[in-house]
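The file entry.cif contains mmCIF, C-alpha atoms and all ligand atoms:
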data_input
loop_
_atom_site.group_PDB
_atom_site.id
_atom_site.type_symbol
_atom_site.label_atom_id
_atom_site.label_comp_id
_atom_site.auth_asym_id
_atom_site.auth_seq_id
_atom_site.Cartn_x
_atom_site.Cartn_y
_atom_site.Cartn_z
ATOM 1 C CA MET T 1 11.584 18.478 -0.378
ATOM 2 C CA SER T 2 9.660 17.006 2.520
ATOM 3 C CA THR T 3 11.688 16.064 5.598
ATOM 4 C CA ALA T 4 8.831 15.622 8.038
ATOM 5 C CA ARG T 5 9.135 11.851 7.968
ATOM 6 C CA PHE T 6 12.853 11.735 7.693
ATOM 7 C CA LEU T 7 14.680 10.217 10.630
ATOM 8 C CA GLY T 8 18.072 11.688 11.441
ATOM 9 C CA TYR T 9 17.625 15.273 10.256
ATOM 10 C CA ASP T 10 15.669 18.385 11.107
ATOM 11 C CA THR T 11 15.204 21.292 8.723
ATOM 12 C CA ASP T 12 16.321 24.801 9.647
ATOM 13 C CA GLU T 13 14.529 28.059 8.639
ATOM 14 C CA SER T 14 16.265 28.114 5.260
ATOM 15 C CA GLY T 15 15.243 24.521 4.523
ATOM 16 C CA LYS T 16 18.725 23.125 5.056
ATOM 17 C CA LEU T 17 19.089 19.656 6.588
ATOM 18 C CA VAL T 18 20.582 19.708 10.064
ATOM 19 C CA VAL T 19 21.598 16.537 11.900
ATOM 20 C CA ASN T 20 19.298 15.522 14.746
ATOM 21 C CA LYS T 21 21.944 13.942 16.998
ATOM 22 C CA LYS T 22 19.605 11.636 18.888
ATOM 23 C CA GLN T 23 17.976 10.282 15.750
ATOM 24 C CA ALA T 24 21.318 10.064 13.938
ATOM 25 C CA LYS T 25 22.438 7.499 16.524
ATOM 26 C CA ILE T 26 19.518 5.269 15.539
ATOM 27 C CA VAL T 27 20.407 5.558 11.854
ATOM 28 C CA GLN T 28 24.049 4.679 12.594
ATOM 29 C CA ARG T 29 22.950 1.737 14.698
ATOM 30 C CA LEU T 30 20.702 0.481 11.874
ATOM 31 C CA TYR T 31 23.604 0.567 9.397
ATOM 32 C CA MET T 32 25.946 -1.276 11.761
ATOM 33 C CA GLU T 33 23.400 -3.923 12.800
ATOM 34 C CA PHE T 34 22.801 -4.626 9.120
ATOM 35 C CA LEU T 35 26.527 -4.958 8.408
ATOM 36 C CA HIS T 36 26.736 -7.220 11.455
ATOM 37 C CA GLY T 37 24.580 -9.748 9.647
ATOM 38 C CA LYS T 38 21.078 -8.909 10.838
ATOM 39 C CA THR T 39 18.042 -8.619 8.596
ATOM 40 C CA THR T 40 15.734 -5.598 8.706
ATOM 41 C CA ASP T 41 13.030 -7.883 10.171
ATOM 42 C CA TYR T 42 15.302 -8.752 13.053
ATOM 43 C CA ILE T 43 16.463 -5.144 13.563
ATOM 44 C CA LYS T 44 12.802 -4.043 13.665
ATOM 45 C CA ARG T 45 12.149 -6.493 16.517
ATOM 46 C CA ILE T 46 15.275 -5.380 18.394
ATOM 47 C CA PHE T 47 14.228 -1.708 18.107
ATOM 48 C CA GLU T 48 10.710 -2.500 19.322
ATOM 49 C CA ARG T 49 11.955 -4.658 22.181
ATOM 50 C CA GLU T 50 14.278 -1.863 23.326
ATOM 51 C CA GLY T 51 11.620 0.837 22.850
ATOM 52 C CA VAL T 52 13.688 2.834 20.339
ATOM 53 C CA VAL T 53 11.637 5.913 19.452
ATOM 54 C CA ASN T 54 10.748 6.599 15.817
ATOM 55 C CA TRP T 55 10.465 10.054 14.167
ATOM 56 C CA ASN T 56 6.796 10.313 15.193
ATOM 57 C CA GLY T 57 7.318 9.374 18.839
ATOM 58 C CA SER T 58 6.101 5.824 18.345
ATOM 59 C CA THR T 59 8.115 2.692 19.147
ATOM 60 C CA LYS T 60 6.613 0.797 16.190
ATOM 61 C CA TRP T 61 8.959 0.125 13.284
ATOM 62 C CA GLN T 62 8.507 -1.267 9.800
ATOM 63 C CA ALA T 63 11.108 -3.525 8.202
ATOM 64 C CA THR T 64 10.359 -1.921 4.822
ATOM 65 C CA THR T 65 11.067 1.559 6.230
ATOM 66 C CA LEU T 66 14.364 0.331 7.673
ATOM 67 C CA ALA T 67 15.235 -1.209 4.295
ATOM 68 C CA SER T 68 14.603 2.066 2.466
ATOM 69 C CA MET T 69 16.647 3.950 5.072
ATOM 70 C CA LEU T 70 19.567 1.673 4.219
ATOM 71 C CA GLU T 71 19.381 2.867 0.610
ATOM 72 C CA ASN T 72 18.840 6.553 1.264
ATOM 73 C CA GLU T 73 21.759 8.571 -0.143
ATOM 74 C CA LYS T 74 20.908 11.513 2.135
ATOM 75 C CA TYR T 75 22.543 9.714 5.046
ATOM 76 C CA LYS T 76 25.958 9.983 3.386
ATOM 77 C CA GLY T 77 25.443 13.700 2.844
ATOM 78 C CA ASP T 78 24.258 13.591 -0.756
ATOM 79 C CA ALA T 79 20.978 14.729 -2.209
ATOM 80 C CA LEU T 80 19.046 13.654 -5.241
ATOM 81 C CA LEU T 81 16.768 16.507 -6.231
ATOM 82 C CA GLN T 82 13.546 15.963 -8.135
ATOM 83 C CA LYS T 83 13.043 12.433 -6.868
ATOM 84 C CA SER T 84 9.338 13.028 -7.296
ATOM 85 C CA TYR T 85 7.473 15.792 -9.030
ATOM 86 C CA THR T 86 3.958 17.144 -9.232
ATOM 87 C CA ALA T 87 2.369 15.460 -12.211
ATOM 88 C CA ASP T 88 -1.052 17.027 -11.925
ATOM 89 C CA PHE T 89 -1.060 20.669 -10.896
ATOM 90 C CA LEU T 90 -4.768 20.551 -10.067
ATOM 91 C CA THR T 91 -4.740 17.609 -7.661
ATOM 92 C CA LYS T 92 -1.120 18.245 -6.594
ATOM 93 C CA LYS T 93 -0.515 14.529 -6.884
ATOM 94 C CA ARG T 94 3.191 13.738 -6.743
ATOM 95 C CA VAL T 95 4.650 10.836 -8.687
ATOM 96 C CA MET T 96 8.131 9.358 -8.826
ATOM 97 C CA ASN T 97 10.363 10.938 -11.398
ATOM 98 C CA GLU T 98 11.574 8.204 -13.706
ATOM 99 C CA GLY T 99 13.479 10.368 -16.096
ATOM 100 C CA GLU T 100 10.592 12.613 -17.185
ATOM 101 C CA ILE T 101 12.344 15.630 -15.749
ATOM 102 C CA GLN T 102 15.991 16.195 -15.064
ATOM 103 C CA GLN T 103 17.436 14.976 -11.770
ATOM 104 C CA PHE T 104 20.339 16.530 -9.968
ATOM 105 C CA TYR T 105 22.682 14.532 -7.830
ATOM 106 C CA ILE T 106 24.488 16.721 -5.334
ATOM 107 C CA GLU T 107 27.406 15.412 -3.312
ATOM 108 C CA ASP T 108 28.233 16.911 0.085
ATOM 109 C CA ASP T 109 24.898 18.711 0.217
ATOM 110 C CA HIS T 110 24.646 18.526 4.000
ATOM 111 C CA GLU T 111 26.355 16.894 6.976
ATOM 112 C CA ALA T 112 26.570 13.105 6.629
ATOM 113 C CA ILE T 113 25.297 10.728 9.307
ATOM 114 C CA ILE T 114 26.907 7.669 7.732
ATOM 115 C CA GLU T 115 30.481 7.678 6.445
ATOM 116 C CA PRO T 116 30.273 7.338 2.642
ATOM 117 C CA TRP T 117 32.384 4.153 2.574
ATOM 118 C CA ILE T 118 30.142 2.506 5.198
ATOM 119 C CA TRP T 119 27.099 3.506 3.136
ATOM 120 C CA GLU T 120 28.723 1.823 0.108
ATOM 121 C CA CYS T 121 29.421 -1.296 2.194
ATOM 122 C CA VAL T 122 25.727 -1.548 3.045
ATOM 123 C CA GLN T 123 24.789 -1.392 -0.654
ATOM 124 C CA LEU T 124 27.381 -4.092 -1.446
ATOM 125 C CA GLU T 125 26.119 -6.242 1.423
ATOM 126 C CA MET T 126 22.532 -5.926 0.153
ATOM 127 C CA GLU T 127 23.640 -7.106 -3.294
ATOM 128 C CA ARG T 128 25.684 -9.902 -1.748
ATOM 129 C CA ARG T 129 22.698 -11.207 0.234
ATOM 130 C CA LYS T 130 20.450 -11.045 -2.809
ATOM 131 C CA ARG T 131 22.953 -13.050 -4.881
ATOM 132 C CA TYR T 132 23.451 -15.517 -2.018
ATOM 133 C CA LEU T 133 19.726 -16.246 -1.678
ATOM 134 C CA GLU T 134 19.310 -16.686 -5.432
ATOM 135 C CA GLU T 135 22.311 -18.960 -5.658
ATOM 136 C CA HIS T 136 21.062 -21.248 -2.877
ATOM 137 C CA GLY T 137 17.444 -21.421 -3.956
ATOM 138 C CA THR T 138 15.707 -19.582 -1.150
ATOM 139 C CA ASN T 139 13.980 -16.226 -0.822
ATOM 140 C CA SER T 140 14.900 -15.061 2.644
ATOM 141 C CA PHE T 141 17.033 -15.448 5.698
ATOM 142 C CA SER T 142 14.983 -16.293 8.774
ATOM 143 C CA HIS T 143 11.991 -14.266 9.882
ATOM 144 C CA ASN T 144 12.756 -15.663 13.303
ATOM 145 C CA THR T 145 16.485 -15.235 13.798
ATOM 146 C CA GLU T 146 16.281 -15.439 17.606
ATOM 147 C CA GLN T 147 14.998 -19.034 17.505
ATOM 148 C CA ASN T 148 16.501 -20.082 14.218
ATOM 149 C CA PRO T 149 19.843 -18.368 13.628
ATOM 150 C CA PHE T 150 21.115 -20.959 11.147
ATOM 151 C CA ALA T 151 18.275 -20.437 8.674
ATOM 152 C CA ALA T 152 19.620 -20.183 5.108
ATOM 153 C CA LYS T 153 23.166 -20.617 6.438
ATOM 154 C CA ILE T 154 23.536 -24.373 6.062
ATOM 155 C CA ILE T 155 24.237 -25.236 2.439
ATOM 156 C CA CYS T 156 24.251 -28.582 0.675
ATOM 157 C CA GLY T 157 27.756 -29.394 -0.574
ATOM 158 C CA GLU T 158 26.273 -31.722 -3.197
ATOM 159 C CA CYS T 159 23.610 -29.578 -4.900
ATOM 160 C CA GLY T 160 24.270 -26.079 -3.500
ATOM 161 C CA LYS T 161 20.757 -25.533 -2.104
ATOM 162 C CA VAL T 162 19.841 -24.570 1.459
ATOM 163 C CA PHE T 163 19.177 -27.102 4.179
ATOM 164 C CA HIS T 164 15.810 -26.878 5.937
ATOM 165 C CA ARG T 165 15.229 -27.420 9.631
ATOM 166 C CA LYS T 166 13.098 -30.307 10.815
ATOM 167 C CA GLY T 167 11.985 -31.685 14.157
ATOM 168 C CA TRP T 168 12.237 -35.431 14.607
ATOM 169 C CA GLN T 169 10.446 -36.972 17.548
ATOM 170 C CA SER T 170 12.326 -39.681 19.386
ATOM 171 C CA SER T 171 10.654 -42.695 21.013
ATOM 172 C CA THR T 172 10.822 -40.879 24.374
ATOM 173 C CA GLY T 173 8.891 -37.946 22.879
ATOM 174 C CA GLU T 174 11.838 -35.572 22.715
ATOM 175 C CA ILE T 175 12.197 -33.353 19.653
ATOM 176 C CA ARG T 176 15.525 -33.628 17.936
ATOM 177 C CA ARG T 177 16.383 -30.729 15.600
ATOM 178 C CA ILE T 178 18.024 -31.771 12.380
ATOM 179 C CA TRP T 179 18.849 -30.069 9.074
ATOM 180 C CA GLN T 180 18.271 -31.664 5.706
ATOM 181 C CA CYS T 181 18.772 -30.640 2.076
ATOM 182 C CA SER T 182 15.671 -28.854 0.763
ATOM 183 C CA GLU T 183 16.052 -30.835 -2.481
ATOM 184 C CA ARG T 184 15.847 -34.190 -0.737
ATOM 185 C CA TYR T 185 12.098 -34.713 -1.042
ATOM 186 C CA LYS T 186 11.204 -31.853 -3.320
ATOM 187 C CA VAL T 187 8.845 -34.115 -5.199
ATOM 188 C CA LYS T 188 6.735 -35.972 -2.652
ATOM 189 C CA GLY T 189 7.822 -39.556 -2.181
ATOM 190 C CA VAL T 190 10.734 -39.231 -4.614
ATOM 191 C CA LEU T 191 14.258 -39.055 -3.268
ATOM 192 C CA GLY T 192 15.954 -35.987 -4.777
ATOM 193 C CA CYS T 193 19.346 -34.915 -3.478
ATOM 194 C CA SER T 194 20.976 -37.852 -1.696
ATOM 195 C CA ASN T 195 22.885 -35.817 0.912
ATOM 196 C CA ARG T 196 22.469 -36.910 4.520
ATOM 197 C CA HIS T 197 21.052 -34.782 7.338
ATOM 198 C CA ILE T 198 22.999 -33.154 10.160
ATOM 199 C CA ASP T 199 22.038 -32.541 13.798
ATOM 200 C CA GLU T 200 21.619 -28.922 14.878
ATOM 201 C CA ASP T 201 23.788 -29.611 17.930
ATOM 202 C CA THR T 202 26.575 -30.766 15.617
ATOM 203 C CA VAL T 203 26.243 -27.592 13.544
ATOM 204 C CA ARG T 204 26.500 -25.432 16.674
ATOM 205 C CA LYS T 205 29.579 -27.305 17.813
ATOM 206 C CA ILE T 206 31.196 -27.061 14.389
ATOM 207 C CA TYR T 207 30.643 -23.316 14.290
ATOM 208 C CA PHE T 208 32.298 -22.633 17.621
ATOM 209 C CA MET T 209 35.113 -25.108 17.044
ATOM 210 C CA ALA T 210 35.817 -23.347 13.733
ATOM 211 C CA TRP T 211 35.699 -19.937 15.410
ATOM 212 C CA ASN T 212 38.129 -21.095 18.090
ATOM 213 C CA LYS T 213 40.399 -22.446 15.365
ATOM 214 C CA MET T 214 40.280 -19.018 13.763
ATOM 215 C CA LEU T 215 41.434 -17.433 17.043
ATOM 216 C CA GLU T 216 44.267 -19.939 17.196
ATOM 217 C CA CYS T 217 45.352 -19.124 13.638
ATOM 218 C CA ARG T 218 45.077 -15.360 14.044
ATOM 219 C CA GLU T 219 48.756 -14.676 13.466
ATOM 220 C CA ALA T 220 48.707 -16.594 10.191
ATOM 221 C CA LEU T 221 45.550 -14.817 8.985
ATOM 222 C CA LEU T 222 46.664 -11.301 9.927
ATOM 223 C CA PRO T 223 48.763 -10.510 6.810
ATOM 224 C CA GLU T 224 45.807 -11.213 4.514
ATOM 225 C CA TRP T 225 43.424 -9.165 6.663
ATOM 226 C CA LYS T 226 45.906 -6.293 6.695
ATOM 227 C CA GLU T 227 46.154 -6.408 2.931
ATOM 228 C CA LYS T 228 42.370 -6.483 2.477
ATOM 229 C CA ALA T 229 41.996 -3.618 4.951
ATOM 230 C CA GLN T 230 43.900 -1.480 2.417
ATOM 231 C CA GLY T 231 42.194 -2.914 -0.659
ATOM 232 C CA GLU T 232 39.764 -1.545 -3.210
ATOM 233 C CA ASP T 233 36.891 -3.861 -2.277
ATOM 234 C CA LEU T 234 35.137 -1.867 0.447
ATOM 235 C CA LEU T 235 33.107 -4.734 1.851
ATOM 236 C CA ALA T 236 36.210 -6.955 2.050
ATOM 237 C CA ARG T 237 37.934 -4.041 3.788
ATOM 238 C CA PHE T 238 35.113 -3.771 6.321
ATOM 239 C CA ARG T 239 35.219 -7.526 7.037
ATOM 240 C CA ALA T 240 38.995 -7.579 7.407
ATOM 241 C CA LEU T 241 38.834 -4.766 9.980
ATOM 242 C CA GLU T 242 36.010 -6.580 11.775
ATOM 243 C CA PHE T 243 37.884 -9.873 11.973
ATOM 244 C CA MET T 244 41.042 -8.189 13.207
ATOM 245 C CA GLU T 245 39.062 -6.455 15.934
ATOM 246 C CA LEU T 246 36.934 -9.458 16.917
ATOM 247 C CA THR T 247 39.882 -11.832 17.206
ATOM 248 C CA GLU T 248 42.117 -9.469 19.128
ATOM 249 C CA HIS T 249 42.529 -10.633 22.752
ATOM 250 C CA ALA T 250 39.491 -12.898 22.249
ATOM 251 C CA GLN T 251 38.982 -15.973 24.412
ATOM 252 C CA PRO T 252 37.801 -19.291 22.936
ATOM 253 C CA ILE T 253 34.019 -19.672 23.147
ATOM 254 C CA GLN T 254 32.254 -22.633 24.754
ATOM 255 C CA GLU T 255 28.847 -22.173 23.196
ATOM 256 C CA LEU T 256 27.195 -20.456 20.296
ATOM 257 C CA GLY T 257 26.615 -16.709 20.547
ATOM 258 C CA VAL T 258 24.038 -15.673 17.951
ATOM 259 C CA ASP T 259 25.411 -12.134 17.516
ATOM 260 C CA LEU T 260 28.950 -13.340 16.912
ATOM 261 C CA MET T 261 27.711 -16.033 14.553
ATOM 262 C CA LEU T 262 25.648 -13.596 12.456
ATOM 263 C CA ARG T 263 28.581 -11.219 12.349
ATOM 264 C CA THR T 264 31.151 -13.760 11.206
ATOM 265 C CA LEU T 265 29.545 -16.732 9.458
ATOM 266 C CA ASP T 266 28.889 -16.789 5.738
ATOM 267 C CA HIS T 267 27.659 -20.384 5.643
ATOM 268 C CA ILE T 268 28.347 -23.961 6.658
ATOM 269 C CA LYS T 269 28.626 -26.445 3.815
ATOM 270 C CA VAL T 270 27.710 -30.074 4.453
ATOM 271 C CA TYR T 271 28.974 -32.871 2.192
ATOM 272 C CA GLU T 272 27.706 -36.423 1.902
ATOM 273 C CA SER T 273 31.152 -37.739 2.882
ATOM 274 C CA GLY T 274 30.726 -36.187 6.352
ATOM 275 C CA VAL T 275 33.038 -33.285 5.588
ATOM 276 C CA VAL T 276 31.673 -29.986 6.916
ATOM 277 C CA VAL T 277 33.238 -26.685 5.833
ATOM 278 C CA THR T 278 32.689 -23.499 7.817
ATOM 279 C CA VAL T 279 33.018 -20.478 5.517
ATOM 280 C CA PHE T 280 33.532 -17.190 7.333
ATOM 281 C CA LEU T 281 32.580 -13.786 5.936
ATOM 282 C CA ASP T 282 36.242 -12.820 5.491
ATOM 283 C CA GLY T 283 36.637 -15.824 3.165
ATOM 284 C CA THR T 284 38.432 -18.147 5.609
ATOM 285 C CA GLU T 285 37.316 -21.781 5.364
ATOM 286 C CA ILE T 286 37.752 -24.364 8.111
ATOM 287 C CA GLU T 287 37.099 -28.015 7.428
ATOM 288 C CA TYR T 288 35.945 -30.808 9.742
ATOM 289 C CA LYS T 289 35.170 -34.443 9.223
ATOM 290 C CA THR T 290 32.149 -35.630 11.191
ATOM 291 C CA GLU T 291 31.477 -39.250 12.136
ATOM 292 C CA ASN T 292 29.186 -41.031 9.724
HETATM 293 ZN ZN ZN T 301 21.368 -31.214 -1.795
#
Represent the structure from my file as structure tokens, please.
Ligand SMILES: [Zn+2]
Amino acid sequence: MSTARFLGYDTDESGKLVVNKKQAKIVQRLYMEFLHGKTTDYIKRIFEREGVVNWNGSTKWQATTLASMLENEKYKGDALLQKSYTADFLTKKRVMNEGEIQQFYIEDDHEAIIEPWIWECVQLEMERRKRYLEEHGTNSFSHNTEQNPFAAKIICGECGKVFHRKGWQSSTGEIRRIWQCSERYKVKGVLGCSNRHIDEDTVRKIYFMAWNKMLECREALLPEWKEKAQGEDLLARFRALEFMELTEHAQPIQELGVDLMLRTLDHIKVYESGVVVTVFLDGTEIEYKTEN
């Protein structure tokens, strides 16, 4: 079992995995950033911006490496032996074991870096995002979260597809950012989905008004959060604990904070009637009627 390229652990003389405390912090951070709504692309850029050091001393990171780290069962203390095996004893070429030889799954093989239930939450969150993207007809959240945090988060209430961002130039030359259903002009020149567009400024305002409403209604929401925090659904449990913590002693916000938004917002649904529904990750929905 090769551990040379394995962030978070060192190997002792007997070949046993031993936690590398400094690297373990990076692994824990990766898991939490992901559960806080960030993509591996975005986390890669954050790590590089902050100069977080990789296993090989470099500050370069790959989103694909981060993604495979999120699925690695070793971080919760388990080990899957015979993941790959030597297929050709002459060339020593190793291939992935896809059932050709027996695999052994060993629980509590070594000290965990990630609590098992948090590890499970990450797997559930990965599945949730995959389903979400499929359901709304898109293949990714933004590759540019810093500039475009609402990407894939504004959903058409009429057809269920994502809204796309556009820049409209005004007569004075200013660019006005608006969002429009991706089905509207899917076929060039033919009007598809009839839903109207919405201004990005309006979306920002709706998000923070909804969040402030949530703070106001905290007492009423608490019993449900408390129940979910004890429930079987681990991801729902994680969210409930998050929302309880985030809303405790929190002050109303005056403008959009990207981190808070990514951590709390599932999506914003826009209807042709002007009704806009903010759906939070704990399941709470807050409705507004915008001016037509
Ligand atoms: Zn639509």
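Pairwise distance (CA of Gln169 (chain T), CA of Val275 (chain T)) equals 25.8 Å.
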Starting from the displayed file, determine the output of the PyMOL selection byres (((chain T and resi 145) around 9) and not hetatm) and express the residue list as a PyMOL selection string.
chain T and resi 38-39+41-42+141-144+146-151+258
Using all atoms listed in the file, which of T:Phe243, T:Trp61, T:Tyr31, T:Phe208 sits nearest Lys44 (chain T)?
T:Trp61
Kindly compile the residues surrounding ligand ZN 301 (chain T) within 12 Å, counting only C-alpha atoms and all ligand atoms, and format them as JSON, numbers by chain.
{"T": [136, 137, 154, 155, 156, 157, 158, 159, 160, 161, 162, 163, 164, 179, 180, 181, 182, 183, 184, 185, 186, 191, 192, 193, 194, 195, 196, 197, 269, 270, 271, 272]}
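In terms of minimum interatomic distance to Met126 (chain T), T:Ala67 ranks closest within T:Ile253, T:Ala152, T:Ala67, T:Val279, counting all atoms listed in the file.
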Interatomic distance between CA of Gly189 (chain T) and CA of Val276 (chain T)?
27.3 Å
Where's the centre, and what are the edge lengths in Å to one decimal, of a box along x, y and z enclosing all listed atoms of region 164-170 of chain T padded 4 Å per side, as JSON?
{"center_x": 13.1, "center_y": -33.3, "center_z": 12.7, "size_x": 13.4, "size_y": 20.8, "size_z": 21.4}
I need the output of the PyMOL selection byres (((chain T and resi 52) around 12) and not hetatm) for this file as a PyMOL selection string; which residues are they?
chain T and resi 22-23+25-27+29-30+43-51+53-61
CA of Asp12 (chain T) to CA of Glu107 (chain T), straight-line distance in Å
19.5 Å
Give as a count of residues only the residues that the PyMOL selection byres (((chain T and resi 247-249) around 10) and not hetatm) matches when applied to the coordinates above.
16
Lys153 (chain T) surroundings by all atoms listed in the file, 7 Å radius, close-in-sequence under 4 positions cut, as a list in words
Asp266, His267 and Ile268 of chain T
Just checking: using all atoms listed in the file, which residue out of T:Thr264, T:Ser140, T:Asn72, T:Thr278 ends up closest to Ile206 (chain T)?
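Distance minimum relative to Ile206 (chain T) lands on T:Thr278.
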Around the point (36.5, -20.2, 8.8) in the file's coordinates, collect all residues with an atom within 8 Å, using only C-alpha atoms, and return them as a PyMOL selection string.
chain T and resi 210-211+213-214+265+277-280+283-287
